[in-house]
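Student: Input file: model_34.cif. Contents: mmCIF, C-alpha atoms.
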```
data_start
loop_
_atom_site.label_atom_id
_atom_site.label_comp_id
_atom_site.auth_asym_id
_atom_site.auth_seq_id
_atom_site.Cartn_x
_atom_site.Cartn_y
_atom_site.Cartn_z
CA MET U 890 -11.68 101.11 -56.74
CA THR U 891 -11.90 99.13 -59.99
CA GLU U 892 -15.08 97.84 -61.61
CA PRO U 893 -15.58 96.02 -64.92
CA PHE U 894 -18.48 97.58 -66.81
CA GLN U 895 -19.90 97.98 -70.31
CA THR U 896 -22.28 100.05 -72.36
CA ASP U 897 -23.71 98.44 -75.50
CA ALA U 898 -20.63 97.09 -77.32
CA LEU U 899 -18.24 99.39 -75.44
CA HIS U 900 -16.62 97.24 -72.77
CA TYR U 901 -14.42 99.12 -70.33
CA GLU U 902 -12.77 98.96 -66.95
CA LEU U 903 -13.98 101.60 -64.50
CA ILE U 904 -11.53 103.01 -61.98
CA ARG U 905 -12.95 105.34 -59.36
CA SER U 906 -10.83 107.78 -57.39
CA ARG U 907 -10.92 111.21 -55.76
CA ARG U 908 -10.84 113.01 -59.10
CA LYS U 909 -13.28 115.59 -60.43
CA THR U 910 -13.48 114.66 -64.11
CA VAL U 911 -13.93 111.56 -66.28
CA GLY U 912 -10.98 110.36 -68.33
CA LEU U 913 -10.86 107.75 -71.10
CA SER U 914 -7.74 105.91 -72.24
CA LEU U 915 -6.81 102.98 -74.49
CA ASP U 916 -3.83 100.74 -73.79
CA PRO U 917 -1.76 99.09 -76.57
CA SER U 918 -4.18 96.16 -76.65
CA SER U 919 -7.10 98.58 -77.26
CA LYS U 920 -8.55 97.92 -73.81
CA LEU U 921 -10.66 100.89 -72.71
CA THR U 922 -10.21 102.27 -69.20
CA VAL U 923 -12.47 104.93 -67.71
CA ARG U 924 -11.39 106.91 -64.66
CA ALA U 925 -14.19 108.66 -62.81
CA PRO U 926 -15.05 110.41 -59.52
CA LEU U 927 -16.16 108.26 -56.61
CA THR U 928 -19.63 109.78 -56.49
CA LEU U 929 -20.53 109.83 -60.19
CA CYS U 930 -23.30 107.33 -60.97
CA ARG U 931 -22.78 104.56 -63.50
CA GLU U 932 -25.53 105.86 -65.76
CA ALA U 933 -23.71 109.19 -66.15
CA ILE U 934 -20.41 107.45 -66.82
CA ASP U 935 -22.13 105.17 -69.33
CA GLU U 936 -23.52 108.20 -71.14
CA ILE U 937 -20.08 109.86 -71.31
CA VAL U 938 -18.49 106.71 -72.71
CA PHE U 939 -21.23 106.37 -75.31
CA SER U 940 -20.83 110.02 -76.35
CA HIS U 941 -17.15 109.28 -77.09
CA ARG U 942 -17.88 106.17 -79.17
CA ASP U 943 -16.59 107.76 -82.40
CA TRP U 944 -13.33 108.79 -80.71
CA ILE U 945 -12.92 105.28 -79.32
CA ALA U 946 -13.61 103.67 -82.71
CA ARG U 947 -11.15 105.96 -84.52
CA HIS U 948 -8.36 105.31 -82.06
CA ARG U 949 -8.96 101.56 -82.02
CA ALA U 950 -8.87 101.50 -85.82
CA ALA U 951 -5.62 103.47 -85.87
CA MET U 952 -4.07 101.14 -83.30
CA ALA U 953 -5.20 98.05 -85.24
CA ALA U 954 -3.44 99.38 -88.33
CA LEU U 955 -0.09 99.58 -86.55
CA PRO U 956 2.44 96.80 -87.15
CA PRO U 957 2.86 94.28 -84.32
CA PRO U 958 5.42 95.08 -81.60
CA PHE U 959 9.01 94.21 -82.47
CA VAL U 960 10.33 91.07 -80.80
CA LEU U 961 14.08 90.50 -80.77
CA ARG U 962 14.55 86.98 -82.14
CA GLU U 963 16.38 85.03 -84.84
CA GLY U 964 14.97 85.86 -88.26
CA ALA U 965 13.14 89.01 -87.17
CA SER U 966 13.47 92.05 -89.43
CA LEU U 967 14.59 95.45 -88.18
CA SER U 968 14.69 98.43 -90.51
CA ILE U 969 17.85 100.51 -90.09
CA LEU U 970 18.14 103.66 -92.18
CA GLY U 971 15.02 102.55 -93.98
CA LYS U 972 16.39 99.20 -95.08
CA PRO U 973 15.13 95.90 -93.58
CA ARG U 974 17.88 93.82 -91.94
CA VAL U 975 17.37 90.21 -90.94
CA ILE U 976 18.56 89.54 -87.39
CA LEU U 977 20.90 86.59 -86.90
CA PHE U 978 22.54 85.47 -83.67
CA ARG U 979 26.12 84.25 -83.96
CA HIS U 980 29.05 83.62 -81.62
CA GLY U 981 31.14 86.78 -81.39
CA ASP U 982 31.79 89.93 -79.39
CA ALA U 983 30.46 92.75 -81.56
CA ILE U 984 27.29 93.68 -83.42
CA GLN U 985 27.76 93.77 -87.17
CA LEU U 986 25.60 95.70 -89.62
CA LEU U 987 25.73 94.15 -93.07
CA ASP U 988 23.88 95.07 -96.26
CA ASP U 989 20.77 93.06 -95.42
CA GLN U 990 21.63 91.46 -92.08
CA LEU U 991 22.18 92.51 -88.49
CA ILE U 992 24.50 90.04 -86.77
CA LEU U 993 24.15 89.96 -82.99
CA PRO U 994 26.30 88.10 -80.48
CA CYS U 995 24.43 85.24 -78.83
CA GLY U 996 22.65 86.46 -75.73
CA THR U 997 22.16 90.02 -76.96
CA ALA U 998 19.20 91.59 -75.13
CA ASP U 999 17.01 94.54 -76.07
CA ALA U 1000 19.03 96.84 -73.80
CA ASP U 1001 22.30 95.84 -75.49
CA LEU U 1002 20.88 96.47 -78.95
CA ILE U 1003 19.45 99.84 -77.89
CA VAL U 1004 22.88 100.99 -76.66
CA TRP U 1005 24.35 100.09 -80.05
CA LEU U 1006 21.50 101.72 -81.99
CA ARG U 1007 21.82 104.93 -79.97
CA SER U 1008 25.54 105.09 -80.75
CA LEU U 1009 24.89 104.49 -84.44
CA ALA U 1010 22.13 107.11 -84.48
CA LEU U 1011 24.39 109.71 -82.90
CA ALA U 1012 27.18 109.05 -85.41
CA VAL U 1013 24.81 109.23 -88.39
CA VAL U 1014 23.00 112.34 -87.16
CA ARG U 1015 26.23 114.19 -86.41
CA SER U 1016 27.51 113.35 -89.87
CA ARG U 1017 24.36 114.69 -91.56
CA VAL U 1018 24.30 117.79 -89.36
CA ASP U 1019 27.87 118.52 -90.43
CA VAL U 1020 26.90 118.20 -94.11
CA PHE U 1021 23.94 120.57 -93.91
CA ALA U 1022 25.62 122.96 -91.47
CA ALA U 1023 28.40 123.45 -94.01
CA GLN U 1024 25.81 123.97 -96.76
CA THR U 1025 23.67 126.47 -94.85
CA ALA U 1026 26.13 128.11 -92.41
CA LEU U 1027 23.71 127.17 -89.61
CA CYS U 1028 25.83 125.71 -86.83
CA PRO U 1029 24.38 124.14 -83.67
CA THR U 1030 26.12 124.50 -80.32
CA ALA U 1031 25.66 120.77 -79.59
CA VAL U 1032 24.13 117.64 -81.11
CA SER U 1033 22.74 114.75 -79.05
CA VAL U 1034 20.29 111.86 -79.20
CA THR U 1035 17.58 111.20 -76.62
CA GLY U 1036 14.87 108.69 -75.80
CA ALA U 1037 12.13 111.07 -77.00
CA GLN U 1038 8.98 109.31 -78.19
CA ALA U 1039 6.81 112.31 -79.05
CA ARG U 1040 8.91 114.01 -81.73
CA TRP U 1041 11.86 113.29 -83.98
CA GLY U 1042 13.95 116.30 -83.05
CA SER U 1043 14.14 119.65 -81.31
CA CYS U 1044 16.21 122.83 -81.20
CA SER U 1045 16.75 124.59 -77.88
CA PRO U 1046 16.87 128.39 -77.46
CA ARG U 1047 20.65 128.01 -77.29
CA ASN U 1048 20.72 126.13 -80.62
CA ARG U 1049 21.36 122.72 -79.16
CA LEU U 1050 19.90 120.06 -81.44
CA SER U 1051 18.44 116.88 -79.99
CA PHE U 1052 17.18 113.91 -81.99
CA ALA U 1053 15.23 110.82 -81.01
CA TRP U 1054 17.65 107.91 -81.25
CA ARG U 1055 14.90 105.98 -83.06
CA ILE U 1056 15.54 108.26 -86.02
CA ILE U 1057 17.96 105.50 -87.05
CA PHE U 1058 14.91 103.53 -88.25
CA CYS U 1059 14.00 106.29 -90.75
CA THR U 1060 14.92 106.38 -94.41
CA PRO U 1061 17.94 108.58 -95.20
CA ASP U 1062 15.61 111.12 -96.88
CA ALA U 1063 13.37 111.35 -93.82
CA LEU U 1064 16.35 111.58 -91.47
CA ASP U 1065 17.81 114.41 -93.55
CA TYR U 1066 14.49 116.25 -93.37
CA VAL U 1067 14.52 116.13 -89.56
CA VAL U 1068 18.11 117.39 -89.53
CA VAL U 1069 17.32 120.27 -91.89
CA HIS U 1070 14.13 121.09 -90.00
CA GLU U 1071 15.97 121.46 -86.70
CA LEU U 1072 18.90 123.31 -88.25
CA SER U 1073 16.44 125.79 -89.76
CA HIS U 1074 15.19 126.54 -86.25
CA ILE U 1075 18.58 128.07 -85.53
CA ARG U 1076 17.50 130.92 -87.81
CA TYR U 1077 13.76 130.85 -87.14
CA LYS U 1078 12.49 129.79 -83.72
CA ASN U 1079 9.00 129.22 -85.13
CA HIS U 1080 7.15 127.57 -88.00
CA SER U 1081 6.54 130.73 -89.98
CA ALA U 1082 6.34 131.02 -93.76
CA ASP U 1083 10.00 132.10 -93.75
CA PHE U 1084 10.94 128.97 -91.81
CA HIS U 1085 9.19 126.66 -94.28
CA ALA U 1086 10.65 128.57 -97.22
CA LEU U 1087 14.13 127.98 -95.81
CA VAL U 1088 13.48 124.25 -95.42
CA ARG U 1089 12.14 124.03 -99.00
CA SER U 1090 15.14 125.93 -100.35
CA ILE U 1091 17.35 123.16 -98.96
CA LEU U 1092 15.01 120.21 -99.61
CA PRO U 1093 12.51 121.01 -102.40
CA ASP U 1094 10.72 117.68 -101.83
CA GLU U 1095 10.29 118.29 -98.09
CA ALA U 1096 6.54 117.61 -98.25
CA ALA U 1097 7.09 114.00 -99.30
CA ARG U 1098 9.68 113.53 -96.57
CA ARG U 1099 7.30 114.94 -93.94
CA ALA U 1100 4.55 112.63 -95.20
CA TRP U 1101 6.82 109.62 -94.65
CA LEU U 1102 7.48 110.71 -91.07
CA ARG U 1103 3.76 111.16 -90.39
CA ALA U 1104 2.98 107.72 -91.80
CA ASN U 1105 5.71 106.08 -89.74
CA GLY U 1106 5.34 107.83 -86.42
CA HIS U 1107 4.92 104.43 -84.75
CA LEU U 1108 8.71 103.97 -85.10
CA LEU U 1109 9.11 106.50 -82.28
CA ARG U 1110 7.68 103.89 -79.92
CA LEU U 1111 9.76 100.94 -81.08
CA PHE U 1112 11.50 99.27 -78.11
CA SER U 1113 9.27 101.14 -75.67
#
```
Any chance you could put this one into structure tokens?
Tutor:
Amino acid sequence: MTEPFQTDALHYELIRSRRKTVGLSLDPSSKLTVRAPLTLCREAIDEIVFSHRDWIARHRAAMAALPPPFVLREGASLSILGKPRVILFRHGDAIQLLDDQLILPCGTADADLIVWLRSLALAVVRSRVDVFAAQTALCPTAVSVTGAQARWGSCSPRNRLSFAWRIIFCTPDALDYVVVHELSHIRYKNHSADFHALVRSILPDEAARRAWLRANGHLLRLFS
């Protein structure tokens, strides 16, 4: 059962179901949805929403600060390896990556571009893994890219490295940090002081690279 409702300036949609707790969520447009038990009175729900007003305001502010969703169109800009590329549609059979342009065959859809970006990401990541593996003698058993949207990379107990294909939108410095971070997990399956010391020994400016990743975490949801 769905009911529109509001408390003070906090407008929300109320969805009742056979649940035991109250849950609050914000969609990409900042619309607030409250899910509540069938028997919980509106006054109690209203009070819960009001008690979370600071949480709601913080998350709405953070969402408002995000760049608008990417739309694949002529003249749009897409950052690849940290460099903006202007998208142009031309007659042809293959996608071309130029210094400041991304040339797409007419009719290219999001799904087509994603396939190409995933392939590029895998090639770039494998190349950088090879460079740092040779430097550190830390060798993964496999390297792959995934559709992960919660983290940039991971290392399995069997030393298989996986990277979000959207890592291709990162700067080369940030991408290298993710590679080194996951390679370092081959030696340390934790985030101990020894782990961080190993990362810093390879990339002394790792703090700045991590800061870039934190500030640009929205790239993990591009094309979602």
Student: Fewer than 5 positions away in the same chain doesn't count, so skip those; otherwise give me all residues within 7 Å of region 1089-1102 of chain U, counting only C-alpha atoms, as a VMD selection string.
Tutor: chain U and resid 1062 to 1063 1066
Student: Since I can't run it myself right now, could you work out what the PyMOL selection byres ((chain U and resi 1067) around 12) selects here and report it as a compact mmCIF listing (two decimals) with C-alpha atoms, in the frame of the given file?
Tutor:
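Output file out-v7.txt follows:
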```
# COMPACT_ATOMS: atom_id res chain seq x y z
CA VAL U 1014 23.00 112.34 -87.16
CA ARG U 1017 24.36 114.69 -91.56
CA VAL U 1018 24.30 117.79 -89.36
CA PHE U 1021 23.94 120.57 -93.91
CA ARG U 1040 8.91 114.01 -81.73
CA TRP U 1041 11.86 113.29 -83.98
CA GLY U 1042 13.95 116.30 -83.05
CA SER U 1043 14.14 119.65 -81.31
CA CYS U 1044 16.21 122.83 -81.20
CA LEU U 1050 19.90 120.06 -81.44
CA SER U 1051 18.44 116.88 -79.99
CA PHE U 1052 17.18 113.91 -81.99
CA ALA U 1053 15.23 110.82 -81.01
CA ILE U 1056 15.54 108.26 -86.02
CA ILE U 1057 17.96 105.50 -87.05
CA CYS U 1059 14.00 106.29 -90.75
CA THR U 1060 14.92 106.38 -94.41
CA PRO U 1061 17.94 108.58 -95.20
CA ASP U 1062 15.61 111.12 -96.88
CA ALA U 1063 13.37 111.35 -93.82
CA LEU U 1064 16.35 111.58 -91.47
CA ASP U 1065 17.81 114.41 -93.55
CA TYR U 1066 14.49 116.25 -93.37
CA VAL U 1068 18.11 117.39 -89.53
CA VAL U 1069 17.32 120.27 -91.89
CA HIS U 1070 14.13 121.09 -90.00
CA GLU U 1071 15.97 121.46 -86.70
CA LEU U 1072 18.90 123.31 -88.25
CA SER U 1073 16.44 125.79 -89.76
CA HIS U 1074 15.19 126.54 -86.25
CA VAL U 1088 13.48 124.25 -95.42
CA LEU U 1092 15.01 120.21 -99.61
CA GLU U 1095 10.29 118.29 -98.09
CA ALA U 1096 6.54 117.61 -98.25
CA ARG U 1098 9.68 113.53 -96.57
CA ARG U 1099 7.30 114.94 -93.94
CA ALA U 1100 4.55 112.63 -95.20
CA TRP U 1101 6.82 109.62 -94.65
CA LEU U 1102 7.48 110.71 -91.07
CA ARG U 1103 3.76 111.16 -90.39
```
Student: Rounded to one decimal place, report the CA of Arg979 (chain U)-CA of Pro994 (chain U) distance in Å.
Tutor: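 Straight-line distance from CA of Arg979 (chain U) to CA of Pro994 (chain U) works out to 5.2 Å.
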Student: Just the number, please: distance in Å from CA of Thr922 (chain U) to CA of Ala1037 (chain U), one decimal.
Tutor: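 For CA of Thr922 (chain U) relative to CA of Ala1037 (chain U), the distance reads 25.2 Å.
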Student: So how many Å separate CA of Ala1023 (chain U) and CA of Leu1009 (chain U), to one decimal?
Tutor: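 Between these atoms lies a distance of 21.5 Å.
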Student: With distances taken over only C-alpha atoms, which of U:His1085, U:Arg1047, U:Lys972, U:Arg942 is nearest to Ala1031 (chain U)?
Tutor: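 Once distances to Ala1031 (chain U) are computed over only C-alpha atoms, the minimum belongs to U:Arg1047.
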Student: So what does the PyMOL selection byres ((chain U and resi 976) around 12) actually pick up in this one, as JSON, numbers by chain?
Tutor: {"U": [959, 960, 961, 962, 963, 964, 965, 966, 967, 968, 969, 973, 974, 975, 977, 978, 979, 984, 985, 986, 987, 988, 989, 990, 991, 992, 993, 994, 995, 997, 1002]}
Student: When the PyMOL selection byres ((chain U and resi 1003) around 12) is applied to the file above, which residues end up in the set, as a VMD selection string?
Tutor: chain U and resid 961 984 997 to 1002 1004 to 1010 1035 to 1036 1054 to 1055 1057 to 1058 1111 to 1113
Student: Looking at U:Thr910, U:Thr1025, U:Ser918, U:Thr928, which one is nearest to Leu1087 (chain U), with distances taken over all atoms listed in the file?
Tutor: U:Thr1025
Student: So, with all atoms listed in the file as the atoms that count, which of U:Leu929, U:Leu1108, U:Ala1086, U:Leu921 lies closest to Lys909 (chain U)?
Tutor: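 Distance minimum relative to Lys909 (chain U) lands on U:Leu929.
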Student: Select, from U:Arg1110, U:Arg931, U:Arg1076, U:Lys920, the residue with the minimum atom-to-atom distance to Pro957 (chain U), counting only C-alpha atoms.
Tutor: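 Closest residue, counting only C-alpha atoms: U:Arg1110.
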Student: Go through U:Val911, U:Pro917, U:Asn1048, U:His948 one by one, measure the shortest atom-to-atom distance of each to Ala933 (chain U) using all atoms listed in the file, and give the residue with the smallest value.
Tutor: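 The closest residue to Ala933 (chain U) is U:Val911.
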